[in-house]
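*Asks:* Can you keep this structure in mind? I'll have questions shortly.
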Amino acid sequence: MKKSVVVTLILSFLVSMGGLFVEERTAAAATAFTHPGLLHTQADFDRMKQMVNAGTQPYLDGWNQLVNSPLSQSGWTPRATATITRGGTGDNVSLLYNDIARAYQNALRWKISGNTANGDTARDILNAWSSTLTTVTGNADRYLAAGLYGYEIANAAEIMRGYSGFNVAQMQNMLLNVFYKPLNERFLIGNEYGGDHNDAYIQNYWANWDLGNMAAVVAIGIFCDRRDIYNIGIEYYKNGAGNGSIYNAIPFLHAGGLAQWQESGRDQAHTQLGIGLMATINEMAWNQGDDLYGWANNRFLQAAEYVAKYNNGDDSVPFAAYEWGTGTNGAVQTQTVISDASRNEYRPIWEMIYNHYANRKGLSVPNIAARASLVRPEGGPNTQYPSTFDQLGFGTLLYTRPAGSGGTAVLPDGNIPDGIYRFIVRLDGKAMEASSAASGAQVRKSTYAGGANQQWTVTHLGGGQYSIKNVQSGLPLDVASGSLNHGAKFQLWSSTGGNNQKFAFIPVGEGYYRITPVHSNKPADVVDLSTAEGALIQQWRYLLASNQQWRLEPLSVNVRLQSYNYPDRYIRHSSYRAQINDNVAPAQDAQFKMVAGLTDSNGVSFESVNLPGRFLRVRSNGEVWLDQNDGTTAFKNDATFRRVAGLADPQLSSYQMWADATRYLRHSNYLLYAQAVSGSSFNADATFTEIAP
């Protein structure tokens, strides 16, 4: 995954070549960001100003907390420094986080009151740092600094966008070249600066390390108008390999609408830090129209309820044993009880969460509500306690909103189109199958023979969660008894609607996925790495192993094929010629049924949805047309493709001709061809995203 995303980022900087334009230039025109649009929108500021001026509570109390903060006073002289160190010799990071807090709080005071003394102070602090800071360094803690203070300074800068004398371009340059590229991006996905997660085992770092860097990536993407960077943060939230992605940060679902947080067995200070950071990502995404709060069936809400309940003093919260890998080789560590260390520590994170779920969405959140009410109005950082600078604070003023205020953000689409698939394990190429059509039938893997017991109907339930039903029996795939334990067996069972019958498909690279039950986050695993025919399937903690990685081979799946480097364009037929277009009308011209290959069922063919019997077919001159299947061997060969990991991004797909492995489907001057070329531009032209119609 690391290298593929590096390629993505490199591509985004390429100038137009041979009729091809820069990907992000094209995408930005169609999907511009809202500004201001990080933690606060203009509508938010209008609401705050109106309520403060009217003396409405609790806004007025929240405003007074801000006004009385020693960090919000105008006239501060910035202490900008070229090199900031966190961890190890020469640690001076307090210079940075104190100045960021001052810039943010002064920016808020200007935006709400109009006081230009505060505005000038915020501007001058930000300009001083963006013109001076060149390096963030130290021990591994430098990645914490880059994450926490990267998202915070971007938020302060976003408020000041458009203020007289504020140097937006200079701030963008600093965020990209001091924070994002060498630190945030490197930590999450790896790049030319080094391997991801500081070259440690993927599970070594706690959730809050990932979440800080994810928050920075999302914030920097928005502030810098870089959709590619923003998308990396959003995708990592949903499907990332590290502990900050949503299923890894929230591994277990318990009864009563509660979900266990990854650091709950460590201590409550870091647990609340992680909750606050995930909420920050959710709020910024919401303000850009993406509902991560609701992703995975409100999984974050359930985790926040769990953490709030325990920190409110309730000892009845359940806890499942948690294992993870550490160091560079994945040495196993285990926690068996919830930790009471730092229990009930106050952190100003709960107003944001409460007001979203209770007032925007009208949901019942009793434990979050109780937690938010304990210290209302929320304040901000305290100069005596460095950890208080991990959050920007002042939630009562900033996030209080009327009940029923709603919103317009929508859940992102799932990553797998609905349809019928076979699941092929990477270990030995054998297929997942049901041993019989009866409820309780064991699920195993065997050589693929094409039977309906080896075929699975995948249906998106919303928020990236899917049901999986066996085609032969119509029964759902199920984890026995809803167990959270290692070794619980996969089986068929009558439909219950339980979380042990819902799954996420988490990409692991090169076209493979974890098939992950959402209740346990323990993927489908071939017992004991066995290559034997009929070896059973169980759930087990993800170990990066080939017996836990599955290729989804489509047998009957309706898709749109989205261009990788022109994301507003899709493959369509027009007068039977295959090409990529935007605004396709009628929409069915860009919809295809992806079926088992006409020549070989291990390949795929693309049949038109609105002109059945016609397939995408490569003619002798390399042009791709929508031609009528004449049943000949030649036609079948020309209309069958190997579906392989995307050349520009292995999370996506490329299509290699079955009869000529050197040639791939690609677009050139918007027309579709099968060609044998090489290079980054060709790879981008030959990569597509499969999207549900």
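Residues in the structure tokens are numbered from 1 in each chain, the chains being A, B, ... in the order shown, and ligands are numbered from 1 in the order shown.
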Apply DSSP to the structure's backbone, then extract all residues of stretch 182-405 of chain A labelled strand (DSSP E or B) and return them as a PyMOL selection string.
*Replies:* chain A and resi 191+194+252-254+258-260+290+322-326+331-335
*Asks:* With only C-alpha atoms as the counted atoms, please give the residues lying no more than 10 Å from A:Ile250, apart from itself and same-chain residues fewer than 3 positions off, as a PyMOL selection string.
*Replies:* chain A and resi 207+243-247+253+259-264+299-300+302-304+518-521
*Asks:* Extract, using only C-alpha atoms, all DNA, RNA and protein residues at most 12 Å from A:His356, discarding same-chain residues fewer than 2 positions from it, and format them as a PyMOL selection string.
*Replies:* chain A and resi 279-280+282-283+286-287+291-294+298+300-301+349-354+358-365+368-369+395+398-407+409
*Asks:* For N, CA and C atoms, I'd like the residues from the last selection saved as a compact mmCIF listing (two decimals), in the first residue's frame.
*Replies:*
# COMPACT_ATOMS: atom_id res chain seq x y z
N ALA A 279 -13.08 12.24 17.06
CA ALA A 279 -14.17 13.21 16.93
C ALA A 279 -13.74 14.40 16.07
N THR A 280 -12.50 14.84 16.24
CA THR A 280 -11.98 15.95 15.44
C THR A 280 -11.98 15.62 13.95
N ASN A 282 -13.89 13.39 12.52
CA ASN A 282 -15.29 13.30 12.12
C ASN A 282 -15.89 14.68 11.86
N GLU A 283 -15.59 15.64 12.72
CA GLU A 283 -16.18 16.97 12.58
C GLU A 283 -15.67 17.66 11.33
N TRP A 286 -17.29 16.02 8.38
CA TRP A 286 -18.70 16.42 8.33
C TRP A 286 -18.85 17.78 7.65
N ASN A 287 -17.97 18.70 7.98
CA ASN A 287 -18.05 20.04 7.40
C ASN A 287 -17.69 20.07 5.92
N ASP A 291 -19.92 11.95 6.19
CA ASP A 291 -20.38 11.56 7.52
C ASP A 291 -19.57 10.38 8.05
N LEU A 292 -18.42 10.67 8.67
CA LEU A 292 -17.66 9.63 9.35
C LEU A 292 -18.21 9.35 10.74
N TYR A 293 -18.92 10.30 11.33
CA TYR A 293 -19.58 10.04 12.61
C TYR A 293 -20.47 8.79 12.50
N GLY A 294 -21.15 8.65 11.37
CA GLY A 294 -22.09 7.55 11.20
C GLY A 294 -21.50 6.32 10.55
N ASN A 298 -22.50 3.83 13.11
CA ASN A 298 -22.27 4.63 14.32
C ASN A 298 -21.31 3.94 15.29
N PHE A 300 -18.33 4.81 16.15
CA PHE A 300 -17.68 5.77 17.04
C PHE A 300 -18.61 6.16 18.18
N LEU A 301 -19.89 6.35 17.93
CA LEU A 301 -20.83 6.66 18.99
C LEU A 301 -20.76 5.59 20.08
N ILE A 349 -13.44 17.44 25.28
CA ILE A 349 -13.72 16.77 24.01
C ILE A 349 -15.18 16.41 23.85
N TRP A 350 -15.96 16.52 24.91
CA TRP A 350 -17.27 15.89 24.92
C TRP A 350 -18.39 16.73 24.34
N GLU A 351 -18.26 18.05 24.36
CA GLU A 351 -19.32 18.89 23.79
C GLU A 351 -19.46 18.65 22.29
N MET A 352 -18.35 18.51 21.60
CA MET A 352 -18.39 18.25 20.15
C MET A 352 -19.16 16.97 19.86
N ILE A 353 -18.86 15.92 20.63
CA ILE A 353 -19.48 14.62 20.40
C ILE A 353 -20.96 14.66 20.78
N TYR A 354 -21.24 15.22 21.96
CA TYR A 354 -22.62 15.29 22.43
C TYR A 354 -23.50 16.06 21.46
N ALA A 358 -26.57 14.10 19.78
CA ALA A 358 -27.83 14.45 20.44
C ALA A 358 -28.59 15.53 19.69
N ASN A 359 -27.89 16.58 19.24
CA ASN A 359 -28.59 17.73 18.66
C ASN A 359 -28.63 17.73 17.15
N ARG A 360 -27.55 17.33 16.50
CA ARG A 360 -27.63 17.21 15.04
C ARG A 360 -28.49 16.02 14.63
N LYS A 361 -28.26 14.89 15.29
CA LYS A 361 -28.86 13.63 14.83
C LYS A 361 -30.04 13.16 15.68
N GLY A 362 -30.23 13.74 16.84
CA GLY A 362 -31.37 13.38 17.67
C GLY A 362 -31.29 11.99 18.27
N LEU A 363 -30.07 11.51 18.54
CA LEU A 363 -29.87 10.17 19.09
C LEU A 363 -29.70 10.22 20.60
N SER A 364 -30.02 9.12 21.24
CA SER A 364 -29.87 9.01 22.69
C SER A 364 -28.43 8.65 23.02
N VAL A 365 -27.78 9.51 23.82
CA VAL A 365 -26.38 9.28 24.21
C VAL A 365 -26.24 9.59 25.70
N ILE A 368 -22.54 9.96 27.19
CA ILE A 368 -21.87 11.13 26.63
C ILE A 368 -22.49 12.40 27.19
N ALA A 369 -23.81 12.43 27.28
CA ALA A 369 -24.50 13.61 27.82
C ALA A 369 -24.07 13.87 29.25
N GLY A 395 -15.38 23.82 23.74
CA GLY A 395 -16.46 23.17 23.01
C GLY A 395 -17.84 23.72 23.29
N LEU A 398 -18.17 26.57 20.98
CA LEU A 398 -17.96 26.26 19.56
C LEU A 398 -18.95 25.26 18.99
N TYR A 399 -19.44 24.32 19.80
CA TYR A 399 -20.21 23.21 19.24
C TYR A 399 -21.64 23.12 19.75
N THR A 400 -22.02 23.93 20.74
CA THR A 400 -23.42 23.92 21.16
C THR A 400 -24.29 24.33 19.98
N ARG A 401 -25.32 23.54 19.74
CA ARG A 401 -26.21 23.83 18.62
C ARG A 401 -27.62 23.41 19.01
N PRO A 402 -28.63 23.99 18.39
CA PRO A 402 -30.01 23.65 18.75
C PRO A 402 -30.34 22.20 18.43
N ALA A 403 -31.23 21.63 19.23
CA ALA A 403 -31.73 20.29 18.93
C ALA A 403 -32.41 20.31 17.57
N GLY A 404 -32.20 19.25 16.80
CA GLY A 404 -32.82 19.16 15.48
C GLY A 404 -32.12 19.97 14.43
N SER A 405 -30.87 20.39 14.70
CA SER A 405 -30.16 21.23 13.72
C SER A 405 -29.73 20.45 12.50
N GLY A 406 -29.68 19.12 12.62
CA GLY A 406 -29.44 18.27 11.45
C GLY A 406 -28.13 18.57 10.76
N GLY A 407 -28.12 18.39 9.44
CA GLY A 407 -26.92 18.61 8.65
C GLY A 407 -27.06 17.94 7.31
N ALA A 409 -24.23 16.26 5.65
CA ALA A 409 -23.20 15.29 5.31
C ALA A 409 -23.83 13.92 5.05
*Asks:* Measuring atom to atom with only C-alpha atoms, identify which of A:Pro412, A:Pro693, A:Gly62, A:Gly242 is nearest to A:Pro348.
*Replies:* A:Gly62
*Asks:* Go through A:Leu411, A:Met214, A:Ala686, A:Leu95 one by one, measure the shortest atom-to-atom distance of each to A:Ala296 using only C-alpha atoms, and give the residue with the smallest value.
*Replies:*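 Of the candidates, the smallest distance to A:Ala296 is held by A:Leu411.
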*Asks:* Among the residues of stretch 457-596 of chain A, find those DSSP assigns to helix (DSSP H, G or I) from the backbone and print them as a list in words.
*Replies:*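 Result set for stretch 457-596 of chain A (helix (DSSP H, G or I)): Ala480, Ser481, Gly482, Asn499, Asn500, Gln501, Val527, Asp528, Leu529, Ser546, Asn547, Gln548, Ala587, Gln588, Asp589 and Ala590 of chain A.
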*Asks:* Mind dumping the selected residues with all heavy atoms as an mmCIF file, in the first residue's frame?
*Replies:*
data_model
loop_
_atom_site.group_PDB
_atom_site.id
_atom_site.type_symbol
_atom_site.label_atom_id
_atom_site.label_comp_id
_atom_site.auth_asym_id
_atom_site.auth_seq_id
_atom_site.Cartn_x
_atom_site.Cartn_y
_atom_site.Cartn_z
ATOM 1 N N ALA A 480 -19.822 -18.129 14.734
ATOM 2 C CA ALA A 480 -20.599 -18.937 15.670
ATOM 3 C C ALA A 480 -20.801 -18.232 17.007
ATOM 4 O O ALA A 480 -19.837 -17.757 17.627
ATOM 5 C CB ALA A 480 -19.917 -20.287 15.887
ATOM 6 N N SER A 481 -22.061 -18.142 17.419
ATOM 7 C CA SER A 481 -22.468 -17.615 18.730
ATOM 8 C C SER A 481 -22.092 -16.152 18.937
ATOM 9 O O SER A 481 -22.138 -15.658 20.068
ATOM 10 C CB SER A 481 -21.864 -18.469 19.868
ATOM 11 O OG SER A 481 -22.251 -19.823 19.733
ATOM 12 N N GLY A 482 -21.706 -15.462 17.881
ATOM 13 C CA GLY A 482 -21.303 -14.067 18.042
ATOM 14 C C GLY A 482 -20.080 -13.913 18.924
ATOM 15 O O GLY A 482 -19.861 -12.855 19.521
ATOM 16 N N ASN A 499 -24.419 -8.360 14.521
ATOM 17 C CA ASN A 499 -23.146 -7.848 14.024
ATOM 18 C C ASN A 499 -22.192 -8.960 13.623
ATOM 19 O O ASN A 499 -21.243 -8.722 12.868
ATOM 20 C CB ASN A 499 -22.504 -6.946 15.071
ATOM 21 C CG ASN A 499 -23.224 -5.622 15.220
ATOM 22 O OD1 ASN A 499 -23.541 -4.972 14.234
ATOM 23 N ND2 ASN A 499 -23.504 -5.224 16.450
ATOM 24 N N ASN A 500 -22.422 -10.196 14.121
ATOM 25 C CA ASN A 500 -21.598 -11.327 13.698
ATOM 26 C C ASN A 500 -21.991 -11.840 12.321
ATOM 27 O O ASN A 500 -21.391 -12.784 11.809
ATOM 28 C CB ASN A 500 -21.686 -12.464 14.719
ATOM 29 C CG ASN A 500 -23.096 -12.994 14.904
ATOM 30 O OD1 ASN A 500 -24.049 -12.217 14.976
ATOM 31 N ND2 ASN A 500 -23.250 -14.305 14.993
ATOM 32 N N GLN A 501 -22.999 -11.200 11.698
ATOM 33 C CA GLN A 501 -23.376 -11.506 10.313
ATOM 34 C C GLN A 501 -23.162 -10.287 9.405
ATOM 35 O O GLN A 501 -23.697 -10.239 8.301
ATOM 36 C CB GLN A 501 -24.832 -11.962 10.247
ATOM 37 C CG GLN A 501 -25.094 -13.282 10.956
ATOM 38 C CD GLN A 501 -26.526 -13.751 10.844
ATOM 39 O OE1 GLN A 501 -27.433 -12.993 10.487
ATOM 40 N NE2 GLN A 501 -26.756 -15.026 11.145
ATOM 41 N N VAL A 527 -7.589 -22.132 9.227
ATOM 42 C CA VAL A 527 -7.014 -22.710 10.439
ATOM 43 C C VAL A 527 -5.609 -23.261 10.178
ATOM 44 O O VAL A 527 -5.378 -24.012 9.228
ATOM 45 C CB VAL A 527 -7.932 -23.822 10.980
ATOM 46 C CG1 VAL A 527 -7.261 -24.559 12.143
ATOM 47 C CG2 VAL A 527 -9.267 -23.241 11.436
ATOM 48 N N ASP A 528 -4.666 -22.807 11.030
ATOM 49 C CA ASP A 528 -3.289 -23.349 11.046
ATOM 50 C C ASP A 528 -2.554 -23.200 9.721
ATOM 51 O O ASP A 528 -1.650 -23.993 9.420
ATOM 52 C CB ASP A 528 -3.298 -24.827 11.453
ATOM 53 C CG ASP A 528 -3.790 -25.043 12.872
ATOM 54 O OD1 ASP A 528 -3.607 -24.128 13.696
ATOM 55 O OD2 ASP A 528 -4.372 -26.107 13.140
ATOM 56 N N LEU A 529 -2.943 -22.200 8.914
ATOM 57 C CA LEU A 529 -2.267 -22.001 7.624
ATOM 58 C C LEU A 529 -2.303 -23.266 6.771
ATOM 59 O O LEU A 529 -1.426 -23.502 5.936
ATOM 60 C CB LEU A 529 -0.811 -21.574 7.832
ATOM 61 C CG LEU A 529 -0.546 -20.094 8.104
ATOM 62 C CD1 LEU A 529 0.845 -19.895 8.702
ATOM 63 C CD2 LEU A 529 -0.671 -19.282 6.819
ATOM 64 N N SER A 546 -1.009 -14.712 4.776
ATOM 65 C CA SER A 546 -1.688 -15.025 3.517
ATOM 66 C C SER A 546 -2.949 -15.851 3.720
ATOM 67 O O SER A 546 -3.810 -15.877 2.842
ATOM 68 C CB SER A 546 -0.736 -15.761 2.575
ATOM 69 O OG SER A 546 -0.348 -17.011 3.121
ATOM 70 N N ASN A 547 -3.073 -16.538 4.860
ATOM 71 C CA ASN A 547 -4.287 -17.309 5.125
ATOM 72 C C ASN A 547 -5.422 -16.433 5.629
ATOM 73 O O ASN A 547 -6.513 -16.933 5.913
ATOM 74 C CB ASN A 547 -4.013 -18.426 6.131
ATOM 75 C CG ASN A 547 -3.629 -17.911 7.505
ATOM 76 O OD1 ASN A 547 -2.890 -16.935 7.618
ATOM 77 N ND2 ASN A 547 -4.114 -18.566 8.556
ATOM 78 N N GLN A 548 -5.174 -15.110 5.714
ATOM 79 C CA GLN A 548 -6.193 -14.152 6.150
ATOM 80 C C GLN A 548 -6.512 -13.135 5.061
ATOM 81 O O GLN A 548 -7.214 -12.160 5.305
ATOM 82 C CB GLN A 548 -5.708 -13.410 7.403
ATOM 83 C CG GLN A 548 -5.413 -14.311 8.588
ATOM 84 C CD GLN A 548 -4.805 -13.545 9.744
ATOM 85 O OE1 GLN A 548 -3.927 -12.701 9.562
ATOM 86 N NE2 GLN A 548 -5.272 -13.819 10.949
ATOM 87 N N ALA A 587 -27.494 7.312 -17.918
ATOM 88 C CA ALA A 587 -26.527 6.790 -16.960
ATOM 89 C C ALA A 587 -26.151 5.348 -17.256
ATOM 90 O O ALA A 587 -25.020 4.914 -16.994
ATOM 91 C CB ALA A 587 -27.095 6.910 -15.545
ATOM 92 N N GLN A 588 -27.097 4.575 -17.858
ATOM 93 C CA GLN A 588 -26.830 3.157 -18.117
ATOM 94 C C GLN A 588 -25.722 2.937 -19.141
ATOM 95 O O GLN A 588 -25.161 1.844 -19.231
ATOM 96 C CB GLN A 588 -28.111 2.453 -18.584
ATOM 97 C CG GLN A 588 -29.167 2.308 -17.513
ATOM 98 C CD GLN A 588 -29.960 3.599 -17.301
ATOM 99 O OE1 GLN A 588 -29.800 4.569 -18.065
ATOM 100 N NE2 GLN A 588 -30.818 3.608 -16.284
ATOM 101 N N ASP A 589 -25.391 3.978 -19.928
ATOM 102 C CA ASP A 589 -24.288 3.838 -20.875
ATOM 103 C C ASP A 589 -22.953 3.619 -20.165
ATOM 104 O O ASP A 589 -21.985 3.157 -20.786
ATOM 105 C CB ASP A 589 -24.182 5.076 -21.770
ATOM 106 C CG ASP A 589 -25.270 5.126 -22.837
ATOM 107 O OD1 ASP A 589 -26.071 4.178 -22.906
ATOM 108 O OD2 ASP A 589 -25.316 6.120 -23.586
ATOM 109 N N ALA A 590 -22.871 3.971 -18.886
ATOM 110 C CA ALA A 590 -21.636 3.803 -18.118
ATOM 111 C C ALA A 590 -21.770 2.701 -17.075
ATOM 112 O O ALA A 590 -21.022 2.661 -16.096
ATOM 113 C CB ALA A 590 -21.251 5.116 -17.448
#
*Asks:* Hey, could you make a per-residue contact list for stretch 279-305 of chain A against stretch 217-239 of chain A with 9 Å as the cut-off, showing the nearest pair of atoms and its distance in Å to one decimal, counting only C-alpha atoms, sorted by chain and number, as JSON lines?
*Replies:*
{"residue": "A:Ile281", "atom": "CA", "partner": "A:Val218", "partner_atom": "CA", "distance": 7.0}
{"residue": "A:Met284", "atom": "CA", "partner": "A:Ala219", "partner_atom": "CA", "distance": 7.2}
{"residue": "A:Ala285", "atom": "CA", "partner": "A:Val218", "partner_atom": "CA", "distance": 7.7}
{"residue": "A:Gln288", "atom": "CA", "partner": "A:Ile222", "partner_atom": "CA", "distance": 8.6}
{"residue": "A:Asp290", "atom": "CA", "partner": "A:Ile234", "partner_atom": "CA", "distance": 8.9}
{"residue": "A:Leu292", "atom": "CA", "partner": "A:Ile234", "partner_atom": "CA", "distance": 8.4}
{"residue": "A:Trp295", "atom": "CA", "partner": "A:Lys238", "partner_atom": "CA", "distance": 8.1}
{"residue": "A:Ala296", "atom": "CA", "partner": "A:Lys238", "partner_atom": "CA", "distance": 8.5}
*Asks:* If you measure from atom CA of A:Gln562 to atom CA of A:Arg663, what distance in Å do you get, rounded to one decimal?
*Replies:*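 Computing the Euclidean distance for atom CA of A:Gln562 and atom CA of A:Arg663 yields 19.3 Å.
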*Asks:* Can you work out which one of A:Ser69, A:Gly498, A:Asn155, A:Val410 has the shortest atom-to-atom distance to A:Arg109, counting only C-alpha atoms?
*Replies:*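 Once distances to A:Arg109 are computed over only C-alpha atoms, the minimum belongs to A:Ser69.
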*Asks:* What does the structure give for the distance between atom CA of A:Leu484 and atom CA of A:Ser316, in Å to one decimal?
*Replies:*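 Interatomic distance here is 18.2 Å.
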